[in-house]
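Listing of start03.txt, compact mmCIF, C-alpha atoms (C1' of nucleotides)
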# COMPACT_ATOMS: atom_id res chain seq x y z
CA MET V 1 91.59 83.73 92.39
CA LEU V 2 91.13 86.01 89.40
CA ALA V 3 94.84 86.80 89.34
CA THR V 4 95.72 83.11 89.39
CA SER V 5 93.29 82.40 86.56
CA LEU V 6 94.80 85.16 84.46
CA LEU V 7 98.32 83.93 85.05
CA ALA V 8 97.29 80.39 84.17
CA PHE V 9 95.70 81.56 80.93
CA LEU V 10 98.86 83.47 80.13
CA LYS V 11 101.03 80.40 80.60
CA GLY V 12 102.09 79.30 77.17
CA CYS V 13 100.24 81.90 75.14
CA ASN V 14 100.17 85.68 75.34
CA ALA V 15 96.81 87.40 75.36
CA TYR V 16 95.08 90.73 75.86
CA GLY V 17 92.48 91.78 78.37
CA TYR V 18 89.38 91.54 76.26
CA GLN V 19 90.36 88.06 75.17
CA LEU V 20 91.15 86.90 78.69
CA ASN V 21 87.83 88.22 79.89
CA GLN V 22 86.06 86.26 77.18
CA GLN V 23 87.95 83.11 78.06
CA LEU V 24 86.97 83.53 81.69
CA ASN V 25 83.33 84.02 80.79
CA GLU V 26 83.35 80.97 78.56
CA SER V 27 85.22 78.85 81.10
CA GLY V 28 82.18 78.44 83.33
CA LEU V 29 83.65 80.39 86.22
CA PRO V 30 81.11 82.75 87.77
CA GLU V 31 83.16 85.90 88.13
CA SER V 32 84.94 88.34 85.83
CA ASP V 33 83.71 91.87 85.27
CA SER V 34 85.76 93.34 82.44
CA GLY V 35 86.76 96.37 84.49
CA THR V 36 88.03 94.09 87.25
CA VAL V 37 89.97 92.03 84.73
CA TYR V 38 91.70 95.09 83.29
CA ARG V 39 92.57 96.44 86.70
CA SER V 40 93.81 93.05 87.86
CA LEU V 41 96.10 92.84 84.84
CA ARG V 42 97.51 96.28 85.57
CA GLN V 43 98.15 95.28 89.13
CA LEU V 44 99.85 92.07 88.04
CA GLU V 45 102.06 94.19 85.83
CA ASN V 46 102.87 96.55 88.70
CA SER V 47 103.84 93.48 90.73
CA GLY V 48 106.12 92.30 87.93
CA PHE V 49 104.18 89.11 87.25
CA VAL V 50 103.24 90.03 83.69
CA SER V 51 104.62 92.43 81.10
CA SER V 52 102.74 94.17 78.35
CA PHE V 53 103.16 95.99 75.06
CA TRP V 54 100.76 97.66 72.65
CA ASP V 55 99.91 95.53 69.66
CA THR V 56 98.88 97.79 66.80
CA SER V 57 99.36 95.21 64.06
CA LYS V 58 95.74 94.07 64.12
CA GLN V 59 92.64 95.89 62.97
CA GLY V 60 90.49 97.79 65.41
CA PRO V 61 91.68 99.52 68.57
CA ALA V 62 95.15 98.68 69.84
CA ARG V 63 95.48 95.70 72.13
CA ARG V 64 97.59 95.63 75.22
CA MET V 65 99.24 92.23 74.94
CA TYR V 66 100.29 90.56 78.16
CA SER V 67 102.83 87.83 78.73
CA LEU V 68 103.92 85.95 81.81
CA THR V 69 107.25 86.87 83.39
CA ALA V 70 109.54 84.52 85.26
CA ALA V 71 108.36 86.04 88.53
CA GLY V 72 104.78 85.53 87.41
CA ASP V 73 105.48 81.91 86.63
CA MET V 74 106.90 81.37 90.10
CA PHE V 75 103.95 83.16 91.64
CA LEU V 76 101.61 80.97 89.62
CA ARG V 77 103.26 77.85 90.97
CA THR V 78 103.01 79.18 94.50
CA SER V 79 99.32 79.92 93.94
CA LEU V 80 98.68 76.45 92.56
CA ASP V 81 100.46 74.90 95.52
CA ALA V 82 98.38 77.02 97.88
CA LEU V 83 95.27 75.88 96.04
CA ASN V 84 96.27 72.25 96.47
CA ARG V 85 96.90 72.76 100.16
CA TYR V 86 93.55 74.48 100.40
CA GLN V 87 91.79 71.52 98.85
CA GLU V 88 93.65 69.12 101.10
CA VAL V 89 92.56 71.06 104.14
CA LEU V 90 88.94 71.04 102.99
CA ALA V 91 89.14 67.33 102.18
CA GLY V 92 90.61 66.71 105.61
CA ALA V 93 87.79 68.57 107.29
CA LEU V 94 85.13 66.67 105.36
CA GLU V 95 86.94 63.41 105.96
CA ARG V 96 86.67 63.98 109.68
CA PHE V 97 82.97 64.40 109.08
CA GLU V 98 82.78 61.06 107.31
CA GLU V 99 84.46 59.38 110.26
CA ALA V 100 82.09 61.08 112.66
CA ALA V 101 79.08 60.09 110.57
CA GLN V 102 80.04 56.41 110.48
CA PRO V 103 81.65 55.67 113.87
CA THR V 104 81.71 51.84 113.85
CA ASN V 105 79.33 51.00 111.04
CA ASP V 106 81.64 50.16 108.18
CA PRO V 107 83.76 47.02 108.66
CA THR V 108 86.23 48.14 105.96
CA THR V 109 87.31 51.04 108.13
CA GLU V 110 88.13 48.71 111.01
CA MET O 1 87.72 81.09 100.45
CA LEU O 2 87.73 81.84 104.14
CA ALA O 3 83.97 81.35 104.32
CA THR O 4 84.24 77.99 102.58
CA SER O 5 86.98 76.88 104.96
CA LEU O 6 84.88 77.82 107.96
CA LEU O 7 81.85 75.97 106.65
CA ALA O 8 83.96 72.90 105.94
CA PHE O 9 85.38 72.95 109.45
CA LEU O 10 81.86 73.25 110.82
CA LYS O 11 80.68 70.21 108.89
CA GLY O 12 80.27 67.42 111.39
CA CYS O 13 81.40 69.30 114.48
CA ASN O 14 80.35 72.61 115.98
CA ALA O 15 83.02 75.07 116.95
CA TYR O 16 83.65 78.65 118.07
CA GLY O 17 85.61 81.43 116.47
CA TYR O 18 88.81 81.22 118.46
CA GLN O 19 88.98 77.49 117.86
CA LEU O 20 88.31 77.84 114.14
CA ASN O 21 90.98 80.49 113.88
CA GLN O 22 93.46 78.17 115.57
CA GLN O 23 92.53 75.32 113.25
CA LEU O 24 93.06 77.58 110.26
CA ASN O 25 96.44 78.69 111.54
CA GLU O 26 97.49 75.10 112.19
CA SER O 27 96.16 73.89 108.84
CA GLY O 28 99.00 75.47 106.90
CA LEU O 29 96.81 77.96 105.07
CA PRO O 30 98.40 81.41 104.90
CA GLU O 31 95.49 83.62 105.80
CA SER O 32 93.21 84.09 108.80
CA ASP O 33 93.36 87.20 110.93
CA SER O 34 91.21 86.57 113.98
CA GLY O 35 89.17 89.72 113.40
CA THR O 36 88.43 88.62 109.86
CA VAL O 37 87.40 85.19 111.08
CA TYR O 38 84.94 86.63 113.59
CA ARG O 39 83.45 89.00 111.06
CA SER O 40 83.19 86.28 108.47
CA LEU O 41 81.33 84.07 110.92
CA ARG O 42 78.90 86.87 111.70
CA GLN O 43 78.31 87.40 108.05
CA LEU O 44 77.72 83.70 107.48
CA GLU O 45 75.16 83.84 110.26
CA ASN O 46 73.46 86.86 108.68
CA SER O 47 73.28 84.89 105.45
CA GLY O 48 71.70 81.97 107.28
CA PHE O 49 74.56 79.55 106.61
CA VAL O 50 75.46 79.02 110.26
CA SER O 51 73.64 79.49 113.55
CA SER O 52 75.13 80.33 116.91
CA PHE O 53 74.46 80.28 120.63
CA TRP O 54 76.44 81.35 123.66
CA ASP O 55 78.13 78.48 125.46
CA THR O 56 78.73 79.44 129.09
CA SER O 57 79.21 75.91 130.34
CA LYS O 58 82.98 76.03 130.01
CA GLN O 59 85.54 77.94 131.99
CA GLY O 60 86.79 81.29 130.85
CA PRO O 61 84.89 83.82 128.75
CA ALA O 62 81.73 82.67 127.01
CA ARG O 63 82.11 81.05 123.62
CA ARG O 64 79.85 81.74 120.68
CA MET O 65 79.31 78.24 119.31
CA TYR O 66 78.54 77.94 115.63
CA SER O 67 76.89 75.10 113.75
CA LEU O 68 76.18 74.54 110.08
CA THR O 69 72.62 75.01 108.87
CA ALA O 70 70.98 73.15 105.98
CA ALA O 71 71.41 76.24 103.81
CA GLY O 72 75.06 76.41 104.83
CA ASP O 73 75.53 72.79 103.87
CA MET O 74 74.07 73.45 100.43
CA PHE O 75 76.24 76.53 100.05
CA LEU O 76 79.28 74.50 101.05
CA ARG O 77 78.53 71.98 98.32
CA THR O 78 78.11 74.76 95.80
CA SER O 79 81.42 76.25 96.88
CA LEU O 80 83.19 72.91 96.60
CA ASP O 81 81.75 72.39 93.14
CA ALA O 82 82.90 75.86 92.12
CA LEU O 83 86.35 75.04 93.48
CA ASN O 84 86.48 71.87 91.42
CA ARG O 85 85.45 73.75 88.30
CA TYR O 86 88.10 76.32 89.11
CA GLN O 87 90.78 73.68 89.30
CA GLU O 88 89.57 72.09 86.08
CA VAL O 89 89.80 75.43 84.32
CA LEU O 90 93.32 75.98 85.60
CA ALA O 91 94.32 72.45 84.67
CA GLY O 92 92.87 72.99 81.19
CA ALA O 93 94.86 76.18 80.75
CA LEU O 94 98.09 74.53 81.84
CA GLU O 95 97.33 71.50 79.69
CA ARG O 96 97.13 73.73 76.65
CA PHE O 97 100.57 74.93 77.66
CA GLU O 98 101.86 71.38 77.74
CA GLU O 99 100.55 70.80 74.23
CA ALA O 100 102.10 74.05 73.06
CA ALA O 101 105.43 73.10 74.60
CA GLN O 102 105.49 69.73 72.82
CA PRO O 103 103.89 70.37 69.42
CA THR O 104 104.58 67.11 67.59
CA ASN O 105 107.07 65.49 69.90
CA ASP O 106 104.93 62.94 71.69
CA PRO O 107 103.48 60.17 69.50
CA THR O 108 100.82 59.33 72.11
CA THR O 109 99.19 62.70 71.52
CA GLU O 110 98.71 61.90 67.86
C1' DT I 1 94.25 92.93 146.73
C1' DG I 2 96.78 94.11 142.68
C1' DC I 3 98.97 92.59 138.59
C1' DC I 4 99.90 89.52 134.81
C1' DT I 5 98.71 86.13 131.33
C1' DC I 6 95.69 83.46 128.60
C1' DT I 7 91.27 82.77 126.44
C1' DA I 8 87.58 84.67 123.68
C1' DT I 9 85.11 88.10 121.20
C1' DG I 10 84.80 92.23 119.17
C1' DT I 11 85.49 97.25 116.98
C1' DG I 12 87.92 101.35 114.36
C1' DC I 13 90.20 102.73 110.66
C1' DA I 14 92.86 102.88 106.59
C1' DA I 15 93.92 100.39 102.49
C1' DT I 16 92.41 97.48 99.02
C1' DA I 17 89.02 95.07 96.14
C1' DT I 18 84.73 94.56 93.73
C1' DG I 19 80.34 95.55 90.89
C1' DC I 20 78.23 98.41 87.94
C1' DA I 21 77.74 102.05 84.89
C1' DT I 22 79.87 104.94 81.78
C1' DC I 23 83.32 106.94 78.58
C1' DT I 24 86.74 106.92 74.68
C1' DT I 25 88.87 105.32 70.58
C1' DG I 26 89.23 102.66 66.07
C1' DC I 27 87.26 100.52 62.46
C1' DA I 28 83.53 98.67 59.50
C1' DT I 29 79.02 98.97 57.65
C1' DC I 30 74.76 100.84 56.47
C1' DG S 1 76.93 110.66 59.67
C1' DA S 2 74.79 107.20 62.62
C1' DT S 3 75.24 102.70 64.38
C1' DG S 4 77.54 98.75 66.18
C1' DC S 5 81.34 96.12 67.78
C1' DA S 6 86.12 95.53 69.64
C1' DA S 7 89.24 97.05 73.18
C1' DG S 8 90.63 99.53 77.03
C1' DA S 9 89.85 102.34 80.89
C1' DT S 10 87.80 105.29 84.70
C1' DG S 11 84.38 106.92 88.58
C1' DC S 12 82.02 105.84 92.35
C1' DA S 13 79.60 103.46 95.91
C1' DT S 14 80.04 99.58 98.45
C1' DA S 15 82.31 95.37 100.33
C1' DT S 16 86.33 93.13 102.20
C1' DT S 17 90.71 92.90 104.46
C1' DG S 18 94.80 93.76 107.63
C1' DC S 19 96.28 95.59 111.58
C1' DA S 20 95.94 97.46 115.85
C1' DC S 21 93.54 97.90 119.81
C1' DA S 22 89.64 97.26 123.35
C1' DT S 23 86.95 94.43 126.54
C1' DA S 24 86.09 90.88 129.68
C1' DG S 25 86.36 86.35 132.35
C1' DA S 26 89.30 83.25 134.76
C1' DG S 27 93.39 81.59 136.99
C1' DG S 28 98.11 82.22 139.00
C1' DC S 29 101.06 84.46 142.12
C1' DA S 30 103.46 87.64 145.12

Using structure tokens, write down the structure from this file.
Amino acid sequence: MLATSLLAFLKGCNAYGYQLNQQLNESGLPESDSGTVYRSLRQLENSGFVSSFWDTSKQGPARRMYSLTAAGDMFLRTSLDALNRYQEVLAGALERFEEAAQPTNDPTTE
Amino acid sequence: MLATSLLAFLKGCNAYGYQLNQQLNESGLPESDSGTVYRSLRQLENSGFVSSFWDTSKQGPARRMYSLTAAGDMFLRTSLDALNRYQEVLAGALERFEEAAQPTNDPTTE
DNA sequence: TGCCTCTATGTGCAATATGCATCTTGCATC
DNA sequence: GATGCAAGATGCATATTGCACATAGAGGCA
């Protein structure tokens, strides 16, 4: 999930770890320890889903800027599809519950 | 994710591990090793989200039947809410990409 | 009876992931 | 020079996972 979030944030605009971690914290999602974010980015790079370079043009310590690769974009799509399937499966399970809860009570379901 | 799937499957109908694992495999979701499913169910029971009893009424080896508890139902709702927020965050990130891809091209975005 | 297969649950172990604290560097400010 | 913040990273203890394997009941079949 964290990896997918990072890839989604990197779609369309490059960013660096500290910034991505802040975005995650502000997004309302529960997770994201900064150490985990940095390590996840490195792993995404090892997998070829993002690429990075050191940005020394700004003030302060250098930033490792990340950008999405073509492979990362494909992986992101796959992840989003998997997420949709996941939600469909959950919706299906809860739908069965609705049917079980109202066996012959609702005339519109007849 | 696995825990949430299991709780959703247990909403409305009790089930046992082997059956839940089969449902997961048939649902189109990628994951679900049977050992992981069994351990996840035990952990959900330790957390108080499901309860179990041995069903020896059927043929073959005994089945450990699981059912959702009230706490598990609340946790399931929380998980589904978190999933919705997650999707909203992803959609927001990709939406920003759409805007970035079409800066001043679409008059309806004006 | 012995053997095989299927159902059903479970464990061992190595690899991976996570949470939390801590460290380092660069710059600004006091 | 001490402090504070931005930015990245590591160390370590503890989950979590994947994969293989173990166990056990029941039925089939030669």

What are the closest atom pairs, with distances in Å to one decimal, for all residues of chain S lying within 12 Å of chain O? Consider all atoms listed in the file, order rows by chain and residue number, and present the result as JSON lines.
{"residue": "S:DA15", "atom": "C1'", "partner": "O:Gln43", "partner_atom": "CA", "distance": 11.8}
{"residue": "S:DT16", "atom": "C1'", "partner": "O:Thr36", "partner_atom": "CA", "distance": 9.1}
{"residue": "S:DT17", "atom": "C1'", "partner": "O:Thr36", "partner_atom": "CA", "distance": 7.3}
{"residue": "S:DG18", "atom": "C1'", "partner": "O:Asp33", "partner_atom": "CA", "distance": 7.5}
{"residue": "S:DC19", "atom": "C1'", "partner": "O:Asp33", "partner_atom": "CA", "distance": 8.9}
{"residue": "S:DA20", "atom": "C1'", "partner": "O:Gly35", "partner_atom": "CA", "distance": 10.6}
{"residue": "S:DC21", "atom": "C1'", "partner": "O:Gly35", "partner_atom": "CA", "distance": 11.3}
{"residue": "S:DT23", "atom": "C1'", "partner": "O:Pro61", "partner_atom": "CA", "distance": 11.0}
{"residue": "S:DA24", "atom": "C1'", "partner": "O:Pro61", "partner_atom": "CA", "distance": 7.2}
{"residue": "S:DG25", "atom": "C1'", "partner": "O:Pro61", "partner_atom": "CA", "distance": 4.6}
{"residue": "S:DA26", "atom": "C1'", "partner": "O:Gly60", "partner_atom": "CA", "distance": 5.0}
{"residue": "S:DG27", "atom": "C1'", "partner": "O:Gly60", "partner_atom": "CA", "distance": 9.0}

Tell me as an mmCIF file with C-alpha atoms (C1' of nucleotides), in the coordinates of the input which residues belonging to chain I come within 8 Å of chain O, counting all atoms listed in the file.
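Final output, saved to selection_5.cif:
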data_model
loop_
_atom_site.group_PDB
_atom_site.id
_atom_site.type_symbol
_atom_site.label_atom_id
_atom_site.label_comp_id
_atom_site.auth_asym_id
_atom_site.auth_seq_id
_atom_site.Cartn_x
_atom_site.Cartn_y
_atom_site.Cartn_z
ATOM 1 C "C1'" DT I 7 91.270 82.770 126.440
ATOM 2 C "C1'" DA I 8 87.580 84.670 123.680
ATOM 3 C "C1'" DT I 9 85.110 88.100 121.200
ATOM 4 C "C1'" DG I 10 84.800 92.230 119.170
#

Subject >> Counting all atoms listed in the file, chain O residues within 10 Å of chain V, as a ChimeraX atom specification >> reply: /O:1,4-13,24,27-30,80,82-101

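Across the model, the gap from atom CA of Val50 of chain O to atom CA of Leu68 of chain O is 4.5 Å.
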
**OP:** Please measure the separation of atom CA of Asn14 of chain V and atom CA of Met65 of chain V, giving the value in Å to one decimal.
**Re:**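 If I compute the distance from atom CA of Asn14 of chain V to atom CA of Met65 of chain V, I get 6.6 Å.
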
**OP:** Go ahead and compute the interatomic distance for atom CA of Asp55 of chain V and atom CA of Gln22 of chain V, in Å to one decimal.
**Re:** 18.3 Å
